[in-house]
$ cat coords.txt   # compact mmCIF, C-alpha atoms
# COMPACT_ATOMS: atom_id res chain seq x y z
CA MET X 157 -21.90 2.50 8.32
CA SER X 158 -23.37 2.37 4.84
CA LYS X 159 -23.93 -0.91 3.03
CA GLU X 160 -21.11 0.02 0.68
CA GLU X 161 -18.53 -0.05 3.45
CA LEU X 162 -16.31 -3.03 4.08
CA GLN X 163 -17.63 -5.33 6.78
CA GLU X 164 -14.33 -7.13 7.41
CA HIS X 165 -11.31 -5.75 9.19
CA GLN X 166 -7.65 -5.90 8.29
CA LEU X 167 -6.71 -7.06 11.80
CA PHE X 168 -8.79 -10.25 11.68
CA ILE X 169 -5.69 -12.46 11.21
CA SER X 170 -3.46 -10.68 13.73
CA SER X 171 -1.98 -12.38 16.75
CA LEU X 172 -3.49 -11.97 20.19
CA ARG X 173 -0.24 -10.38 21.38
CA LEU X 174 -0.37 -7.72 18.65
CA TRP X 175 -4.08 -7.04 19.25
CA ILE X 176 -3.45 -6.54 22.98
CA THR X 177 -0.51 -4.25 22.20
CA LEU X 178 -2.62 -2.11 19.89
CA LYS X 179 -5.46 -1.89 22.43
CA LEU X 180 -3.02 -0.81 25.14
CA GLN X 181 -1.61 1.88 22.85
CA ASN X 182 -5.00 3.28 21.82
CA LYS X 183 -8.34 4.27 23.28
CA LEU X 184 -10.98 2.52 21.17
CA SER X 185 -14.38 3.86 20.19
CA LYS X 186 -17.37 2.43 22.08
CA LYS X 187 -19.35 2.63 18.83
CA ARG X 188 -17.01 0.06 17.27
CA LYS X 189 -17.50 -2.54 20.00
CA LYS X 190 -19.05 -5.05 17.58
CA MET X 191 -16.03 -4.86 15.27
CA ARG X 192 -13.64 -5.19 18.22
CA VAL X 193 -15.43 -8.35 19.32
CA LYS X 194 -15.26 -9.74 15.76
CA ILE X 195 -11.52 -9.05 15.58
CA THR X 196 -10.94 -10.86 18.88
CA LEU X 197 -13.07 -13.81 17.76
CA PHE X 198 -11.29 -14.21 14.44
CA ILE X 199 -7.89 -13.97 16.14
CA LEU X 200 -8.80 -16.75 18.55
CA LEU X 201 -10.28 -18.98 15.85
CA SER X 202 -7.28 -18.58 13.55
CA ALA X 203 -4.69 -19.30 16.27
CA PRO X 204 -4.16 -23.03 15.44
CA PHE X 205 -3.61 -22.21 11.76
CA ARG X 206 -1.14 -19.45 12.65
CA TRP X 207 0.84 -21.87 14.84
CA MET X 208 0.95 -24.48 12.06
CA GLN X 209 2.13 -21.89 9.56
CA SER X 210 4.85 -20.60 11.89
CA ILE X 211 6.32 -24.12 11.98
CA TYR X 212 6.16 -24.40 8.19
CA ILE X 213 7.82 -20.99 7.75
CA ALA X 214 10.60 -21.81 10.21
CA PHE X 215 11.62 -24.85 8.15
CA ASN X 216 11.30 -23.31 4.67
CA ILE X 217 12.16 -19.62 4.79
CA LYS X 218 15.88 -20.29 5.24
CA ASN X 219 15.98 -21.38 1.58
CA ILE X 220 14.86 -17.94 0.37
CA SER X 221 17.16 -15.00 -0.38
CA LEU X 222 16.62 -11.61 -2.03
CA LYS X 223 20.31 -10.74 -2.19
CA GLU X 224 20.82 -11.59 -5.87
CA ASN X 225 17.30 -10.79 -7.08
CA GLN X 226 16.32 -7.55 -5.39
CA PRO X 227 12.80 -6.10 -5.63
CA VAL X 228 11.25 -3.54 -7.92
CA PHE X 229 9.28 -0.98 -5.89
CA VAL X 230 6.31 0.90 -7.35
CA ILE X 231 5.86 4.00 -5.20
CA GLY X 232 3.86 7.23 -5.17
CA HIS X 233 1.31 8.86 -2.93
CA TRP X 234 -2.02 7.12 -2.39
CA ARG X 235 -4.41 7.64 -5.34
CA SER X 236 -1.65 8.60 -7.78
CA GLY X 237 -2.06 5.60 -10.09
CA THR X 238 0.17 3.06 -8.34
CA THR X 239 -2.39 0.26 -8.65
CA HIS X 240 -2.90 0.71 -12.40
CA LEU X 241 0.87 0.76 -12.88
CA HIS X 242 1.28 -2.31 -10.69
CA TYR X 243 -1.34 -4.24 -12.64
CA LEU X 244 0.34 -3.37 -15.94
CA LEU X 245 3.82 -4.39 -14.81
CA SER X 246 2.51 -7.59 -13.25
CA GLN X 247 1.73 -8.90 -16.75
CA ASP X 248 5.45 -9.66 -17.03
CA GLN X 249 6.13 -13.27 -16.00
CA GLN X 250 9.60 -12.39 -14.70
CA PHE X 251 7.87 -10.88 -11.65
CA SER X 252 6.06 -12.35 -8.70
CA TYR X 253 3.90 -10.22 -6.45
CA LEU X 254 1.83 -10.33 -3.32
CA GLU X 255 -1.64 -11.47 -4.27
CA ALA X 256 -4.83 -10.50 -2.43
CA PHE X 257 -5.33 -13.93 -0.88
CA GLN X 258 -1.93 -14.00 0.77
CA ALA X 259 -2.18 -10.34 1.74
CA PHE X 260 -5.43 -10.69 3.67
CA PHE X 261 -4.73 -14.17 5.09
CA PHE X 262 -0.98 -13.68 5.46
CA ARG X 263 -0.50 -15.46 8.77
CA VAL X 264 -2.46 -18.52 7.64
CA ALA X 265 -2.06 -18.39 3.83
CA PHE X 266 0.33 -21.34 3.47
CA VAL X 267 -1.84 -23.75 5.45
CA SER X 268 -5.26 -22.58 4.22
CA LYS X 269 -4.86 -21.76 0.52
CA THR X 270 -6.59 -24.90 -0.79
CA PHE X 271 -9.88 -24.11 0.93
CA MET X 272 -9.71 -20.40 1.77
CA ARG X 273 -8.82 -19.04 -1.68
CA PRO X 274 -12.13 -20.17 -3.28
CA ILE X 275 -14.02 -18.80 -0.28
CA LEU X 276 -12.29 -15.44 -0.59
CA ASN X 277 -13.02 -15.33 -4.32
CA TYR X 278 -16.69 -15.99 -3.59
CA PHE X 279 -17.07 -13.30 -0.94
CA MET X 280 -14.78 -10.61 -2.37
CA PRO X 281 -16.46 -7.77 -4.27
CA SER X 282 -15.66 -7.84 -7.96
CA THR X 283 -14.29 -4.29 -7.81
CA ARG X 284 -12.57 -2.14 -5.19
CA PRO X 285 -15.07 0.17 -3.46
CA GLN X 286 -12.84 3.24 -3.79
CA ASP X 287 -12.19 3.15 -7.55
CA ASN X 288 -14.02 0.22 -9.23
CA ILE X 289 -10.79 -1.49 -10.25
CA LYS X 290 -11.40 -5.22 -10.77
CA ILE X 291 -10.11 -7.49 -8.01
CA ASN X 292 -10.06 -11.17 -7.09
CA ALA X 293 -8.06 -13.42 -4.79
CA SER X 294 -5.10 -13.41 -7.22
CA ALA X 295 -4.96 -9.64 -7.81
CA PRO X 296 -1.68 -7.81 -7.08
CA THR X 297 -1.87 -6.16 -3.65
CA GLU X 298 0.30 -3.90 -1.51
CA GLU X 299 2.37 -5.48 1.23
CA GLU X 300 1.45 -2.92 3.89
CA HIS X 301 -1.76 -4.92 4.44
CA PRO X 302 -0.04 -8.01 5.89
CA LEU X 303 2.48 -5.83 7.72
CA THR X 304 -0.37 -4.60 9.93
CA ASN X 305 -1.01 -8.20 11.01
CA LEU X 306 2.63 -8.78 11.85
CA THR X 307 3.53 -5.71 13.88
CA GLU X 308 2.38 -2.41 15.31
CA LYS X 309 5.30 -0.92 13.33
CA SER X 310 3.23 -0.13 10.25
CA GLY X 311 2.07 3.26 9.06
CA MET X 312 -1.25 1.67 8.08
CA GLN X 313 -2.10 1.21 11.76
CA THR X 314 -2.94 4.94 11.67
CA PHE X 315 -5.77 4.02 9.27
CA PHE X 316 -7.27 1.91 12.05
CA PHE X 317 -6.36 4.22 14.93
CA PRO X 318 -6.56 7.65 13.28
CA LYS X 319 -6.17 9.53 16.56
CA ASN X 320 -2.72 8.00 16.85
CA ARG X 321 -0.49 9.50 14.16
CA THR X 322 2.59 7.98 15.79
CA TYR X 323 2.43 4.88 13.58
CA TYR X 324 2.62 6.99 10.43
CA ASP X 325 5.31 9.32 11.81
CA LYS X 326 7.55 6.57 13.15
CA TYR X 327 7.21 3.95 10.42
CA ASN X 328 6.38 5.83 7.21
CA ILE X 329 8.52 8.94 7.47
CA PHE X 330 10.68 7.60 10.34
CA LYS X 331 10.31 10.70 12.46
CA GLY X 332 11.24 10.14 16.10
CA THR X 333 12.17 6.51 15.45
CA SER X 334 15.03 5.04 17.48
CA GLU X 335 17.80 3.00 15.86
CA LYS X 336 16.51 -0.06 17.71
CA GLU X 337 13.01 0.48 16.28
CA LYS X 338 14.42 0.92 12.76
CA LYS X 339 16.37 -2.31 13.10
CA GLN X 340 13.24 -4.13 14.29
CA TRP X 341 11.21 -2.71 11.40
CA LYS X 342 13.77 -3.83 8.83
CA LYS X 343 13.88 -7.34 10.28
CA ILE X 344 10.08 -7.71 10.22
CA TYR X 345 9.71 -6.19 6.75
CA HIS X 346 12.46 -8.34 5.24
CA LYS X 347 11.05 -11.54 6.72
CA MET X 348 7.65 -10.60 5.30
CA LEU X 349 9.13 -10.23 1.80
CA LEU X 350 10.85 -13.61 2.16
CA GLN X 351 7.46 -15.15 2.94
CA ILE X 352 5.92 -13.48 -0.11
CA ALA X 353 8.75 -14.85 -2.27
CA LEU X 354 8.35 -18.32 -0.74
CA PHE X 355 4.61 -18.32 -1.45
CA GLN X 356 4.90 -16.99 -5.00
CA GLY X 357 8.05 -18.66 -6.30
CA LYS X 358 11.56 -17.87 -5.12
CA GLU X 359 13.10 -17.77 -8.60
CA LYS X 360 11.19 -14.62 -9.62
CA LYS X 361 11.86 -10.96 -8.86
CA LEU X 362 9.41 -9.36 -6.44
CA LEU X 363 7.30 -6.54 -7.87
CA LEU X 364 6.01 -4.55 -4.89
CA LYS X 365 3.51 -1.69 -4.87
CA ASN X 366 3.11 0.25 -1.65
CA PRO X 367 2.40 3.99 -1.22
CA HIS X 368 3.70 3.71 2.36
CA ASN X 369 7.16 2.99 0.92
CA THR X 370 7.33 6.36 -0.83
CA ALA X 371 8.97 7.99 2.21
CA ARG X 372 11.06 4.92 3.14
CA ILE X 373 13.73 5.19 0.44
CA LYS X 374 16.74 5.37 2.75
CA ILE X 375 15.75 2.41 4.92
CA LEU X 376 14.73 0.31 1.89
CA LEU X 377 18.10 0.95 0.26
CA GLU X 378 19.81 -0.20 3.46
CA LEU X 379 18.00 -3.51 2.95
CA TYR X 380 18.13 -3.68 -0.86
CA PRO X 381 20.85 -1.39 -2.28
CA HIS X 382 20.29 -2.61 -5.86
CA ALA X 383 16.49 -2.33 -5.83
CA LYS X 384 14.73 -0.41 -8.59
CA PHE X 385 12.10 2.27 -7.98
CA ILE X 386 9.26 3.49 -10.18
CA PHE X 387 7.65 6.66 -8.83
CA ILE X 388 4.34 7.96 -10.16
CA HIS X 389 2.89 11.40 -9.45
CA ARG X 390 -0.48 13.00 -10.21
CA ASN X 391 -2.13 16.41 -10.19
CA PRO X 392 -2.32 17.35 -6.48
CA TYR X 393 -5.94 18.53 -6.68
CA ASP X 394 -7.00 15.16 -8.07
CA VAL X 395 -4.96 13.36 -5.41
CA PHE X 396 -6.70 15.33 -2.65
CA LYS X 397 -10.20 14.63 -3.96
CA SER X 398 -9.45 10.96 -4.52
CA ASN X 399 -7.98 10.53 -1.04
CA ILE X 400 -11.05 12.04 0.60
CA HIS X 401 -13.11 9.58 -1.45
CA LEU X 402 -10.83 6.72 -0.35
CA TYR X 403 -11.42 7.57 3.30
CA ASN X 404 -15.18 7.81 2.84
CA LYS X 405 -15.53 4.58 0.86
CA THR X 406 -12.97 2.33 2.52
CA ILE X 407 -10.75 3.61 5.32
CA LYS X 408 -13.61 4.84 7.51
CA SER X 409 -14.89 1.28 7.75
CA GLN X 410 -11.59 0.32 9.37
CA PHE X 411 -11.64 3.09 11.99
CA LEU X 412 -11.57 1.88 15.58
CA GLN X 413 -11.65 5.46 16.86
CA GLU X 414 -13.84 8.49 16.17
CA PHE X 415 -12.38 10.83 13.55
CA SER X 416 -14.21 13.78 12.00
CA ASP X 417 -14.32 14.83 8.34
CA ASN X 418 -12.24 17.91 9.14
CA GLU X 419 -9.65 15.71 10.84
CA ILE X 420 -9.58 13.50 7.75
CA LYS X 421 -8.86 16.52 5.53
CA GLU X 422 -6.03 17.60 7.79
CA ARG X 423 -4.61 14.07 7.78
CA VAL X 424 -4.66 13.95 3.98
CA LEU X 425 -2.87 17.30 3.80
CA TYR X 426 -0.28 16.22 6.36
CA CYS X 427 0.48 12.81 4.87
CA TYR X 428 0.90 14.13 1.33
CA GLU X 429 3.10 16.99 2.51
CA THR X 430 5.40 14.87 4.66
CA THR X 431 5.51 11.80 2.39
CA LEU X 432 6.51 13.66 -0.75
CA ARG X 433 8.93 16.01 1.00
CA LYS X 434 10.69 12.96 2.42
CA TYR X 435 10.71 11.27 -0.99
CA ILE X 436 12.23 14.34 -2.66
CA LYS X 437 14.89 14.49 0.04
CA GLU X 438 15.86 10.81 -0.20
CA ARG X 439 15.46 10.00 -3.91
CA GLU X 440 19.01 11.25 -4.56
CA LEU X 441 20.22 8.17 -2.67
CA ILE X 442 18.90 5.93 -5.47
CA PRO X 443 21.38 5.31 -8.32
CA THR X 444 20.14 7.12 -11.44
CA LYS X 445 19.86 3.87 -13.40
CA ASN X 446 17.50 2.46 -10.74
CA LEU X 447 14.90 5.25 -10.57
CA ILE X 448 12.33 6.56 -12.99
CA GLU X 449 9.56 9.09 -12.39
CA ILE X 450 6.40 9.11 -14.49
CA SER X 451 3.12 10.96 -14.31
CA TYR X 452 -0.37 9.53 -14.04
CA GLN X 453 -1.29 11.63 -17.08
CA GLU X 454 1.30 10.06 -19.37
CA LEU X 455 0.45 6.56 -18.14
CA SER X 456 -3.24 7.21 -18.89
CA ASN X 457 -2.63 8.82 -22.28
CA ASN X 458 0.06 6.46 -23.54
CA PRO X 459 0.27 3.33 -21.35
CA GLN X 460 2.25 1.19 -23.80
CA GLY X 461 4.79 3.91 -24.51
CA THR X 462 5.15 4.68 -20.81
CA ILE X 463 5.75 1.05 -19.84
CA GLN X 464 8.29 0.76 -22.66
CA LYS X 465 10.07 3.86 -21.33
CA ILE X 466 10.19 2.34 -17.84
CA TYR X 467 11.75 -0.86 -19.18
CA GLN X 468 14.38 1.06 -21.10
CA ASN X 469 15.27 3.60 -18.40
CA ILE X 470 15.79 1.19 -15.49
CA ASN X 471 16.65 -1.90 -17.56
CA LEU X 472 13.78 -4.21 -16.66
CA GLY X 473 14.30 -6.33 -19.75
CA ASN X 474 13.01 -6.50 -23.29
CA TYR X 475 9.65 -4.73 -23.47
CA GLU X 476 8.76 -6.41 -26.78
CA THR X 477 8.46 -9.76 -25.03
CA ILE X 478 5.59 -8.54 -22.84
CA GLU X 479 3.98 -6.11 -25.27
CA PRO X 480 1.23 -8.59 -26.33
CA LYS X 481 0.23 -9.15 -22.70
CA ILE X 482 0.19 -5.40 -22.01
CA LYS X 483 -2.08 -4.89 -25.03
CA SER X 484 -4.34 -7.73 -23.90
CA TYR X 485 -4.63 -6.32 -20.40
CA LEU X 486 -5.38 -2.82 -21.69
CA LEU X 487 -8.08 -4.26 -23.93
CA SER X 488 -9.67 -5.96 -20.91
CA VAL X 489 -9.96 -2.64 -19.03
CA LYS X 490 -10.88 -0.40 -21.97
CA ASN X 491 -14.38 0.20 -20.57
CA TYR X 492 -13.13 1.23 -17.14
CA LYS X 493 -14.68 4.50 -15.97
CA LYS X 494 -12.79 6.73 -13.57
CA ASN X 495 -14.46 8.25 -10.53
CA THR X 496 -15.87 11.75 -10.82
CA PHE X 497 -15.79 14.12 -7.86
CA SER X 498 -17.43 17.39 -6.91
CA GLU X 499 -15.46 20.61 -7.16
CA LEU X 500 -13.12 21.58 -4.34
CA SER X 501 -14.15 24.35 -1.99
CA GLU X 502 -12.15 27.58 -1.92
CA ASN X 503 -10.86 26.66 1.54
CA ASP X 504 -9.63 23.31 0.26
CA ILE X 505 -7.90 24.93 -2.73
CA GLN X 506 -6.21 27.45 -0.44
CA SER X 507 -5.01 24.71 1.89
CA ILE X 508 -3.68 22.60 -0.99
CA ASN X 509 -1.96 25.59 -2.60
CA SER X 510 -0.34 26.56 0.67
CA ARG X 511 0.72 23.15 1.97
CA TRP X 512 1.54 21.42 -1.31
CA LEU X 513 3.06 24.25 -3.36
CA PHE X 514 6.42 22.41 -3.40
CA SER X 515 4.77 19.54 -5.27
CA PHE X 516 3.21 21.78 -7.92
CA ASN X 517 6.65 23.28 -8.49
CA GLU X 518 8.51 19.98 -8.45
CA TRP X 519 6.37 18.26 -11.09
CA ASN X 520 5.12 21.32 -13.01
CA TYR X 521 1.43 21.25 -12.19
CA PRO X 522 -0.54 24.52 -12.63
CA VAL X 523 -1.71 26.20 -9.42
CA ARG X 524 -5.36 27.24 -9.39
CA GLY X 525 -6.47 30.56 -8.00
CA VAL X 526 -9.56 31.17 -5.86
CA ASN X 527 -12.34 33.64 -6.53

$ encode --input "coords.txt" --output "structure tokens"
Amino acid sequence: MSKEELQEHQLFISSLRLWITLKLQNKLSKKRKKMRVKITLFILLSAPFRWMQSIYIAFNIKNISLKENQPVFVIGHWRSGTTHLHYLLSQDQQFSYLEAFQAFFFRVAFVSKTFMRPILNYFMPSTRPQDNIKINASAPTEEEHPLTNLTEKSGMQTFFFPKNRTYYDKYNIFKGTSEKEKKQWKKIYHKMLLQIALFQGKEKKLLLKNPHNTARIKILLELYPHAKFIFIHRNPYDVFKSNIHLYNKTIKSQFLQEFSDNEIKERVLYCYETTLRKYIKERELIPTKNLIEISYQELSNNPQGTIQKIYQNINLGNYETIEPKIKSYLLSVKNYKKNTFSELSENDIQSINSRWLFSFNEWNYPVRGVN
């Protein structure tokens, strides 16, 4: 691994039962033995804190409900601009959101926040390795991270065990998932959101950003029929290049199995194709007043106007009340420089054109030819 790669693992705060389950379901790489040992060690050391938190949660979570104040979901394929959109919307004080500290210490966050939050702030990089976006312990974060520490029923487990696509298929696009498994997933996911609301302040509306949710529309609506959805799309060629970069800079460091560069390309092609096809199929289930689609381009070119349009179209409130904070945030990131990538190979362009043509057509992106 390069020095730029993450040295921690998402599964550090899992339970021993979950870790054993995952090891039984997957053949692990011998080259990752050191990381496997570290995961086991952290799980054992954190056990007393997890037990204390479970008692705290049992007594307090019954006071939390999302029935009257249902979430706002920011969705879109990985590397389509969901994080930038999430950060902008999080300037509105009507929302609460999962912050990085709770996300990465989810199972011990309630009982360790006084001493662990400063430690996390000290050791966290100031920017994300995949895109240089500023982060700290309070930064808005996607809830798929803690889901991986709660259950094997998370599509993100495929990031850790890339040879096993079953996690993605069964719990992102819900292909081959039994009704019992769907019911279990909904119970776990809902309880996780209740814990996020309890940690952040139960009186606020949850603002959730999670690319994994893009293909989960039907099951999310079964849980939260009045939820609102903001979908963002981006030029497919840019999404492909940025996802390959994401794997190389971040996801590879989480691998517990061997997975080649060619396999990574195929996985990126497959996930985009199946995620967005499922989204297109299920978005009609969302009431028109609760869904808006925007492009990464318009958000980049006119962020204030785009956020205002979102507020008006799905009735998030009075945009003028948060306009000063939006302007202030945009001023703070005015010097942000986007990643630059090398040109795609002809083979990559052909694969993208063939597998993702539906997306070019759906959102009116020009298709490039090959020489």

$ residues_near_point --input "coords.txt" --point "(20.3, -0.9, -5.7)" --cutoff "9 Å" --atoms "only C-alpha atoms" --output "mmCIF file with C-alpha atoms, in the coordinates of the input"
data_model
loop_
_atom_site.group_PDB
_atom_site.id
_atom_site.type_symbol
_atom_site.label_atom_id
_atom_site.label_comp_id
_atom_site.auth_asym_id
_atom_site.auth_seq_id
_atom_site.Cartn_x
_atom_site.Cartn_y
_atom_site.Cartn_z
ATOM 1 C CA GLN X 226 16.320 -7.550 -5.390
ATOM 2 C CA LEU X 377 18.100 0.950 0.260
ATOM 3 C CA TYR X 380 18.130 -3.680 -0.860
ATOM 4 C CA PRO X 381 20.850 -1.390 -2.280
ATOM 5 C CA HIS X 382 20.290 -2.610 -5.860
ATOM 6 C CA ALA X 383 16.490 -2.330 -5.830
ATOM 7 C CA LYS X 384 14.730 -0.410 -8.590
ATOM 8 C CA ILE X 442 18.900 5.930 -5.470
ATOM 9 C CA PRO X 443 21.380 5.310 -8.320
ATOM 10 C CA ASN X 446 17.500 2.460 -10.740
#

$ residues_near_point --input "coords.txt" --point "(2.1, 6.6, -4.2)" --cutoff "8 Å" --atoms "all atoms listed in the file" --output "PyMOL selection string"
chain X and resi 230-238+366-368+370+387-389

$ residues_around --input "coords.txt" --residues "Leu254 (chain X)" --least-positions-apart "6" --cutoff "8 Å" --atoms "only C-alpha atoms" --output "list of chain:residue names"
X:Pro296, X:Thr297, X:Glu298, X:Glu299, X:Ile352, X:Gln356, X:Leu364

$ residues_around --input "coords.txt" --residues "region 164-179 of chain X" --least-positions-apart "6" --cutoff "9 Å" --atoms "only C-alpha atoms" --output "MDAnalysis selection string"
chainID X and resid 191 194:200 202:203 206 260:264 301:302 304:308 313 316:317 409:410

$ residues_around --input "coords.txt" --residues "region 478-487 of chain X" --least-positions-apart "2" --cutoff "9 Å" --atoms "all atoms listed in the file" --output "MDAnalysis selection string"
chainID X and resid 243:245 247:249 459:460 463:464 474:476 489:491

$ residues_around --input "coords.txt" --residues "Asn418 (chain X)" --least-positions-apart "6" --cutoff "12 Å" --atoms "only C-alpha atoms" --output "ChimeraX atom specification"
/X:400,403,424-425,503-504

$ residues_around --input "coords.txt" --residues "Tyr521 (chain X)" --least-positions-apart "6" --cutoff "8 Å" --atoms "all atoms listed in the file" --output "PyMOL selection string"
chain X and resi 391-392+515

$ atom_distance --input "coords.txt" --atom1 "CA of Arg433 (chain X)" --atom2 "CA of Asn469 (chain X)"
23.9 Å

$ atom_distance --input "coords.txt" --atom1 "CA of Val395 (chain X)" --atom2 "CA of Leu432 (chain X)"
12.4 Å

$ closest_residue --input "coords.txt" --among "X:Leu350, X:Glu449, X:Lys421, X:Ala259" --to "Lys465 (chain X)" --atoms "all atoms listed in the file"
X:Glu449

$ closest_residue --input "coords.txt" --among "X:Gln209, X:Gln351, X:Ser268, X:Thr322" --to "Tyr253 (chain X)" --atoms "only C-alpha atoms"
X:Gln351

$ closest_residue --input "coords.txt" --among "X:Glu224, X:Glu300, X:Glu359, X:Glu255" --to "Phe315 (chain X)" --atoms "only C-alpha atoms"
X:Glu300

$ atom_distance --input "coords.txt" --atom1 "CA of Tyr323 (chain X)" --atom2 "CA of Lys309 (chain X)"
6.5 Å

$ closest_residue --input "coords.txt" --among "X:Ile375, X:Val267, X:Lys365, X:Lys223" --to "Lys339 (chain X)" --atoms "all atoms listed in the file"
X:Ile375

$ closest_residue --input "coords.txt" --among "X:Lys218, X:Lys360, X:Lys437, X:Lys405" --to "Ser252 (chain X)" --atoms "all atoms listed in the file"
X:Lys360
